[in-house]
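Source file: data.txt (compact mmCIF, C-alpha atoms)
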```
# COMPACT_ATOMS: atom_id res chain seq x y z
CA MET A 15 -35.52 46.56 -78.05
CA HIS A 16 -33.58 44.43 -80.51
CA ASN A 17 -32.84 40.78 -79.84
CA LEU A 18 -29.28 40.32 -78.65
CA PRO A 19 -27.06 37.31 -79.37
CA ASN A 20 -25.47 35.51 -76.47
CA LEU A 21 -22.67 37.66 -75.13
CA HIS A 22 -19.26 36.24 -74.36
CA LEU A 23 -16.13 37.52 -72.68
CA ILE A 24 -13.40 38.87 -74.89
CA ASN A 25 -10.18 36.91 -74.72
CA PRO A 26 -8.12 38.77 -72.09
CA THR A 27 -4.96 38.40 -74.16
CA ILE A 28 -6.41 40.95 -76.61
CA TYR A 29 -6.31 43.58 -73.88
CA ASN A 30 -2.57 42.94 -73.47
CA MET A 31 -1.91 43.90 -77.10
CA ASP A 32 -1.16 47.47 -78.14
CA ASN A 33 -3.15 49.15 -80.89
CA LYS A 34 -0.52 48.46 -83.56
CA GLU A 35 -0.62 44.74 -82.81
CA ILE A 36 -4.41 44.71 -82.82
CA ILE A 37 -4.61 46.57 -86.15
CA LYS A 38 -2.02 44.25 -87.73
CA ARG A 39 -4.01 41.21 -86.63
CA ILE A 40 -7.28 42.75 -87.87
CA GLU A 41 -5.74 43.38 -91.30
CA GLN A 42 -4.48 39.79 -91.43
CA LEU A 43 -7.88 38.36 -90.55
CA LYS A 44 -9.62 40.58 -93.09
CA ARG A 45 -7.44 39.09 -95.84
CA GLU A 46 -7.84 35.52 -94.62
CA LYS A 47 -11.61 35.72 -94.21
CA ASN A 48 -12.52 38.11 -97.05
CA ALA A 49 -13.94 40.55 -94.52
CA VAL A 50 -14.70 44.24 -94.80
CA ILE A 51 -15.08 46.86 -92.06
CA LEU A 52 -17.86 49.42 -92.41
CA ALA A 53 -17.89 52.27 -89.88
CA HIS A 54 -20.07 55.25 -89.10
CA TYR A 55 -18.70 58.78 -88.74
CA TYR A 56 -19.65 58.79 -85.04
CA THR A 57 -17.31 55.96 -84.07
CA ARG A 58 -13.96 56.49 -82.36
CA PRO A 59 -11.07 57.87 -84.48
CA GLU A 60 -9.14 54.60 -84.31
CA ILE A 61 -12.19 52.75 -85.67
CA GLN A 62 -12.58 55.27 -88.50
CA ASP A 63 -8.91 54.72 -89.34
CA ILE A 64 -9.31 50.95 -89.89
CA ALA A 65 -12.56 51.20 -91.83
CA ASP A 66 -12.64 50.09 -95.46
CA TYR A 67 -15.63 52.35 -95.86
CA LEU A 68 -16.61 55.27 -93.64
CA GLY A 69 -20.02 56.82 -94.08
CA ASP A 70 -23.43 57.87 -92.84
CA SER A 71 -26.57 55.71 -92.83
CA LEU A 72 -27.26 56.04 -96.56
CA GLY A 73 -23.67 55.43 -97.64
CA LEU A 74 -23.29 52.46 -95.32
CA SER A 75 -26.54 50.92 -96.58
CA GLN A 76 -25.37 51.28 -100.18
CA GLU A 77 -21.92 49.88 -99.43
CA ALA A 78 -23.39 46.87 -97.60
CA GLY A 79 -25.22 46.03 -100.82
CA ARG A 80 -22.18 46.60 -103.05
CA THR A 81 -19.43 44.79 -101.22
CA ASN A 82 -18.17 41.40 -102.41
CA ALA A 83 -16.87 40.52 -98.96
CA SER A 84 -18.03 37.34 -97.24
CA ILE A 85 -18.05 38.98 -93.82
CA ILE A 86 -19.15 42.52 -92.89
CA VAL A 87 -17.90 43.86 -89.58
CA PHE A 88 -20.32 46.68 -88.91
CA CYS A 89 -18.93 49.36 -86.61
CA GLY A 90 -22.04 51.24 -85.63
CA VAL A 91 -25.21 50.78 -83.62
CA HIS A 92 -27.43 47.72 -83.84
CA PHE A 93 -30.11 48.97 -86.25
CA MET A 94 -27.39 49.81 -88.78
CA ALA A 95 -25.96 46.29 -88.63
CA GLU A 96 -29.52 44.95 -88.98
CA THR A 97 -29.97 47.03 -92.14
CA ALA A 98 -26.75 45.57 -93.56
CA ALA A 99 -28.00 42.07 -92.77
CA VAL A 100 -31.29 42.79 -94.54
CA ILE A 101 -29.55 44.17 -97.63
CA SER A 102 -26.94 41.39 -97.74
CA PRO A 103 -28.67 38.21 -96.50
CA ASN A 104 -25.96 35.97 -97.97
CA LYS A 105 -23.17 37.70 -96.06
CA LYS A 106 -22.27 37.22 -92.43
CA VAL A 107 -22.75 40.50 -90.57
CA LEU A 108 -20.91 40.91 -87.27
CA ILE A 109 -21.35 43.75 -84.79
CA PRO A 110 -18.48 44.35 -82.34
CA ASP A 111 -20.88 45.32 -79.54
CA PRO A 112 -24.50 44.17 -79.96
CA THR A 113 -25.59 46.28 -76.98
CA ALA A 114 -24.87 49.48 -78.96
CA GLY A 115 -28.40 50.83 -79.27
CA CYS A 116 -30.13 53.98 -80.49
CA SER A 117 -32.71 56.09 -78.66
CA LEU A 118 -34.29 57.03 -81.98
CA ALA A 119 -34.64 53.48 -83.30
CA GLU A 120 -36.02 52.36 -79.95
CA SER A 121 -38.67 55.11 -79.86
CA ILE A 122 -41.07 53.04 -81.98
CA THR A 123 -41.78 49.32 -82.28
CA GLY A 124 -43.12 47.35 -85.19
CA TYR A 125 -46.31 46.71 -83.22
CA GLU A 126 -46.86 50.43 -82.59
CA LEU A 127 -46.32 51.25 -86.26
CA LYS A 128 -48.65 48.43 -87.35
CA LYS A 129 -51.45 49.84 -85.17
CA TRP A 130 -50.83 53.42 -86.37
CA LYS A 131 -50.88 52.27 -89.99
CA GLU A 132 -54.14 50.37 -89.47
CA ALA A 133 -55.73 53.51 -88.02
CA ASN A 134 -54.63 55.52 -91.10
CA SER A 135 -55.39 53.16 -93.97
CA ASN A 136 -54.81 55.80 -96.68
CA GLY A 137 -51.35 56.57 -95.36
CA LEU A 138 -47.93 55.69 -96.70
CA VAL A 139 -45.32 55.03 -94.03
CA VAL A 140 -41.94 56.67 -94.47
CA SER A 141 -39.48 55.40 -91.90
CA TYR A 142 -36.16 57.00 -91.21
CA VAL A 143 -33.52 54.31 -91.67
CA ASN A 144 -32.72 54.74 -87.97
CA THR A 145 -35.29 52.07 -87.11
CA THR A 146 -35.29 48.37 -86.33
CA ALA A 147 -35.89 45.74 -89.00
CA GLU A 148 -39.26 45.05 -87.34
CA THR A 149 -40.31 48.68 -87.90
CA LYS A 150 -39.02 48.61 -91.47
CA ALA A 151 -41.21 45.56 -92.10
CA TYR A 152 -44.32 47.77 -91.69
CA THR A 153 -42.82 50.59 -93.76
CA ASP A 154 -43.55 51.51 -97.38
CA VAL A 155 -40.29 53.34 -98.00
CA CYS A 156 -37.27 54.18 -95.88
CA CYS A 157 -35.26 57.37 -96.03
CA THR A 158 -32.08 58.81 -94.58
CA SER A 159 -31.26 62.41 -93.75
CA ALA A 160 -29.35 62.53 -97.04
CA ASN A 161 -32.29 61.56 -99.27
CA ALA A 162 -35.37 62.35 -97.15
CA LEU A 163 -36.43 65.34 -99.26
CA ASN A 164 -36.21 63.28 -102.46
CA VAL A 165 -38.10 60.36 -100.95
CA VAL A 166 -41.00 62.45 -99.63
CA SER A 167 -41.19 64.56 -102.81
CA SER A 168 -41.49 61.40 -104.91
CA LEU A 169 -44.65 60.13 -103.18
CA PRO A 170 -48.17 60.58 -104.60
CA LYS A 171 -49.73 63.87 -103.54
CA ASP A 172 -53.08 62.24 -102.72
CA LYS A 173 -51.54 60.00 -100.08
CA GLU A 174 -51.24 60.84 -96.39
CA ILE A 175 -47.70 60.38 -95.09
CA LEU A 176 -46.97 58.82 -91.71
CA PHE A 177 -43.39 59.72 -90.83
CA VAL A 178 -41.50 57.80 -88.15
CA PRO A 179 -39.77 58.08 -85.81
CA ASP A 180 -37.85 61.41 -85.79
CA ALA A 181 -40.19 64.39 -85.32
CA ASN A 182 -37.32 66.86 -85.86
CA LEU A 183 -36.28 65.41 -89.20
CA GLY A 184 -39.95 65.17 -90.19
CA GLY A 185 -40.56 68.80 -89.22
CA TRP A 186 -37.62 69.90 -91.36
CA ILE A 187 -38.95 67.88 -94.31
CA GLN A 188 -42.32 69.61 -93.94
CA LYS A 189 -40.66 73.04 -94.01
CA LYS A 190 -38.55 72.22 -97.07
CA THR A 191 -41.15 70.38 -99.17
CA GLY A 192 -44.39 72.04 -98.02
CA ARG A 193 -45.80 68.52 -97.67
CA LYS A 194 -47.92 67.84 -94.57
CA LEU A 195 -46.61 64.88 -92.58
CA ASN A 196 -48.09 63.05 -89.62
CA LEU A 197 -45.13 62.88 -87.25
CA TRP A 198 -44.26 60.24 -84.67
CA ASN A 199 -42.80 61.82 -81.54
CA GLY A 200 -39.32 60.26 -81.48
CA ASN A 201 -35.87 61.83 -81.37
CA CYS A 202 -32.14 61.24 -81.19
CA CYS A 203 -30.99 61.93 -77.63
CA VAL A 204 -27.84 63.63 -78.96
CA HIS A 205 -29.29 65.85 -81.69
CA HIS A 206 -32.38 66.73 -79.67
CA LYS A 207 -30.09 68.80 -77.44
CA ILE A 208 -29.32 71.23 -80.29
CA SER A 209 -31.57 74.23 -79.70
CA ALA A 210 -32.21 77.39 -81.71
CA ASP A 211 -30.55 79.45 -78.96
CA MET A 212 -27.35 77.43 -79.28
CA ILE A 213 -27.25 78.14 -83.01
CA LYS A 214 -27.93 81.85 -82.54
CA GLN A 215 -25.15 82.13 -79.97
CA ALA A 216 -22.71 80.34 -82.28
CA ALA A 217 -23.63 82.67 -85.15
CA GLU A 218 -22.89 85.71 -82.98
CA LYS A 219 -19.61 84.29 -81.70
CA PHE A 220 -18.36 83.05 -85.09
CA PRO A 221 -19.84 85.44 -87.70
CA ASN A 222 -17.50 84.24 -90.47
CA ALA A 223 -18.21 80.54 -90.00
CA ASP A 224 -20.59 78.28 -91.86
CA ILE A 225 -22.86 76.48 -89.37
CA LEU A 226 -23.56 72.90 -90.40
CA ILE A 227 -26.55 71.30 -88.64
CA HIS A 228 -27.89 67.77 -88.78
CA PRO A 229 -31.67 67.78 -89.48
CA GLU A 230 -32.25 65.49 -86.50
CA ALA A 231 -31.52 68.58 -84.38
CA LEU A 232 -34.27 70.10 -82.26
CA CYS A 233 -33.79 73.42 -84.09
CA SER A 234 -33.92 71.97 -87.61
CA TRP A 235 -37.43 73.27 -88.31
CA ASP A 236 -37.14 76.57 -86.46
CA ASP A 237 -38.06 79.40 -88.87
CA GLU A 238 -35.50 81.83 -87.47
CA VAL A 239 -32.68 79.30 -87.75
CA LEU A 240 -33.68 78.32 -91.29
CA SER A 241 -33.62 81.98 -92.37
CA MET A 242 -30.12 82.64 -91.00
CA GLN A 243 -27.21 83.22 -93.36
CA ASN A 244 -24.44 80.62 -93.47
CA VAL A 245 -26.66 77.98 -91.84
CA TYR A 246 -26.92 74.66 -93.68
CA MET A 247 -28.87 71.48 -92.89
CA TYR A 248 -26.96 68.37 -93.93
CA SER A 249 -26.65 64.67 -93.41
CA THR A 250 -23.27 63.81 -91.95
CA ALA A 251 -21.90 62.97 -95.38
CA GLY A 252 -23.29 66.27 -96.64
CA MET A 253 -21.36 68.14 -93.96
CA VAL A 254 -18.15 66.39 -94.96
CA LYS A 255 -18.69 67.26 -98.63
CA HIS A 256 -19.62 70.90 -97.92
CA ALA A 257 -16.59 71.54 -95.70
CA LYS A 258 -14.20 69.89 -98.14
CA ASN A 259 -15.45 71.89 -101.14
CA SER A 260 -16.00 75.23 -99.40
CA ASN A 261 -13.65 78.19 -99.55
CA LYS A 262 -14.55 79.03 -95.96
CA LYS A 263 -11.91 78.41 -93.31
CA GLN A 264 -14.12 78.10 -90.24
CA PHE A 265 -17.10 75.85 -89.52
CA VAL A 266 -19.36 75.28 -86.54
CA ILE A 267 -20.40 71.62 -86.44
CA ALA A 268 -23.81 70.87 -84.95
CA THR A 269 -23.79 67.08 -84.83
CA GLU A 270 -22.06 64.24 -83.00
CA LEU A 271 -18.43 65.05 -82.20
CA GLY A 272 -16.98 62.03 -83.99
CA THR A 273 -17.66 63.72 -87.31
CA ILE A 274 -15.01 66.35 -86.60
CA TYR A 275 -12.24 63.75 -86.86
CA LYS A 276 -13.16 63.03 -90.49
CA LEU A 277 -13.55 66.74 -91.25
CA GLN A 278 -10.07 67.47 -89.88
CA GLN A 279 -8.58 64.54 -91.79
CA ASP A 280 -9.98 65.86 -95.05
CA SER A 281 -9.22 69.55 -94.44
CA PRO A 282 -6.43 70.00 -91.86
CA GLU A 283 -6.01 73.65 -92.84
CA LYS A 284 -9.58 74.50 -91.76
CA GLU A 285 -11.04 75.06 -88.29
CA PHE A 286 -13.93 72.93 -87.07
CA ILE A 287 -15.65 74.14 -83.92
CA PRO A 288 -18.04 71.80 -82.06
CA LEU A 289 -21.32 73.50 -81.26
CA ASN A 290 -21.20 71.77 -77.90
CA ASP A 291 -18.57 69.39 -76.54
CA LYS A 292 -21.26 67.18 -74.99
CA LEU A 293 -22.77 66.06 -78.30
CA ILE A 294 -21.44 62.52 -77.94
CA CYS A 295 -23.17 59.25 -78.77
CA ALA A 296 -22.01 56.90 -76.02
CA GLN A 297 -23.51 53.97 -77.91
CA MET A 298 -21.29 54.50 -80.97
CA LYS A 299 -18.26 54.81 -78.70
CA LYS A 300 -18.85 51.26 -77.42
CA ILE A 301 -17.14 50.00 -80.57
CA THR A 302 -13.44 49.46 -79.81
CA LEU A 303 -10.45 47.92 -81.60
CA GLU A 304 -10.44 45.05 -79.12
CA LYS A 305 -14.07 44.22 -79.89
CA VAL A 306 -13.48 44.41 -83.65
CA LEU A 307 -10.58 41.96 -83.36
CA ASP A 308 -12.59 39.64 -81.15
CA VAL A 309 -15.57 39.31 -83.50
CA LEU A 310 -13.28 38.81 -86.47
CA GLU A 311 -11.32 36.06 -84.74
CA ASN A 312 -14.33 34.22 -83.34
CA GLU A 313 -17.07 35.28 -85.79
CA THR A 314 -19.38 36.02 -82.88
CA ASN A 315 -22.17 38.59 -82.47
CA VAL A 316 -23.70 37.55 -85.78
CA VAL A 317 -26.69 39.68 -86.72
CA SER A 318 -29.39 37.18 -87.65
CA LEU A 319 -32.95 37.97 -88.65
CA ASN A 320 -36.08 35.97 -89.24
CA ALA A 321 -36.29 35.36 -93.01
CA GLU A 322 -39.87 36.59 -93.36
CA LEU A 323 -39.14 39.74 -91.34
CA SER A 324 -36.01 40.39 -93.36
CA GLN A 325 -37.86 40.08 -96.68
CA LYS A 326 -40.53 42.54 -95.55
CA ALA A 327 -37.93 45.02 -94.35
CA GLN A 328 -35.99 44.60 -97.60
CA LYS A 329 -38.89 46.00 -99.63
CA SER A 330 -38.84 49.35 -97.82
CA ILE A 331 -35.05 49.63 -98.13
CA ASP A 332 -35.14 48.71 -101.83
CA ALA A 333 -37.81 51.36 -102.38
CA MET A 334 -35.46 53.92 -100.82
CA LEU A 335 -32.40 52.86 -102.80
CA GLU A 336 -34.35 53.10 -106.07
CA ILE A 337 -34.98 56.82 -105.50
CA LYS A 338 -32.22 59.06 -106.80
CA GLY A 339 -30.59 61.65 -104.52
```

Could you rewrite the structure in this file as structure tokens?
Amino acid sequence: MHNLPNLHLINPTIYNMDNKEIIKRIEQLKREKNAVILAHYYTRPEIQDIADYLGDSLGLSQEAGRTNASIIVFCGVHFMAETAAVISPNKKVLIPDPTAGCSLAESITGYELKKWKEANSNGLVVSYVNTTAETKAYTDVCCTSANALNVVSSLPKDKEILFVPDANLGGWIQKKTGRKLNLWNGNCCVHHKISADMIKQAAEKFPNADILIHPEALCSWDDEVLSMQNVYMYSTAGMVKHAKNSNKKQFVIATELGTIYKLQQDSPEKEFIPLNDKLICAQMKKITLEKVLDVLENETNVVSLNAELSQKAQKSIDAMLEIKG
């Protein structure tokens, strides 16, 4: 588990404000404090609406490094805010709810990875960016679902690859690259619910739709699913791009439901059908307008990391960002 800052109670007067008042005050504080709001696609619609940048793990990592803001308010789960703090050590990174965790990131610790790496001395560790800074510190190169294929394909062929922590994403990478990976048995509790049967049923029910699946899904390395027409494996940002540029009018979305809000915003004339209405990340939904306003006003819930740990983690993130794709 990540280390949490001391929690405090939100000023009750914030809860007496309506959303318009809260948003107006947030915009004012952003200007006064040179702050920027970064948000993940899985957050609530009202959080997506106030974001200066909306993206997936790769895009958010890149934006955290690019921004000239003094303060980053990171609307996402804790490991994502940690990554922003690693990339931008001279900026103050605030997380509206530091208890927003991730089953995938918490499925491996730095200690466990250290021991696994010691037992496989010829191996290179590729860590999905959905990991803690401690895990990244024992990683050779990070990847996201958007660039995983490029990252793995770039590594020396004579090296064993230890892939952590998502076994589903790793299995998909194996299928696509033909590269044998040693997989850690972790998963995202939301995407792990997406089975091959669910995809097959959706294909029968919506024969004219493109089915867009996140590679964290349980079915992502199922041969029958991969051979189906109109089935595409994408990072969240990849789904958004595909739907926006496609001539199709109907899409089945096999990822967290929050993504559909962005898809509808970009293409209101198209139909986006959730594969299952229970694909919800409760941790992402912890981020609220009230909590964003509170951390901006008080500059609380600062994401702080040990300098040595941060520097070690930085190397694996830099190695990822240097790879094109």

If we draw a sphere of 9 Å around (-32.5, 62.8, -96.1), which residues have at least one atom in it when counting all atoms listed in the file? Please report them as a PyMOL selection string. chain A and resi 72+142+157-165+183+187+229+248-249+339

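Interatomic distance, atom CA of A:Ile294 to atom CA of A:Tyr275: 12.9 Å.
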
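Only residues having an atom at most 8 Å from (-24.1, 36.9, -93.2) are included; using only C-alpha atoms, these are A:Ser84, A:Ile85, A:Ile86, A:Ala99, A:Ser102, A:Pro103, A:Asn104, A:Lys105, A:Lys106, A:Val107, A:Leu108, A:Val316, A:Val317, A:Ser318.
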
Given only C-alpha atoms as the basis, pick out the residue of A:Gly137, A:Cys233, A:Asn144, A:Ser121 nearest to A:Lys194.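 Comparing A:Gly137, A:Cys233, A:Asn144, A:Ser121 against A:Lys194, the winner is A:Gly137.
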
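In this comparison, which uses only C-alpha atoms, the residue of A:Met242, A:Ser117, A:Thr149, A:Ile64 approaching A:Gly200 most closely is A:Ser117.
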
Excluding A:Gln278 and any residue of its chain fewer than 5 positions from it, enumerate the residues within 10 Å of it, using all atoms listed in the file, and give them as number ranges by chain. A: 254, 257-258, 273, 283-286
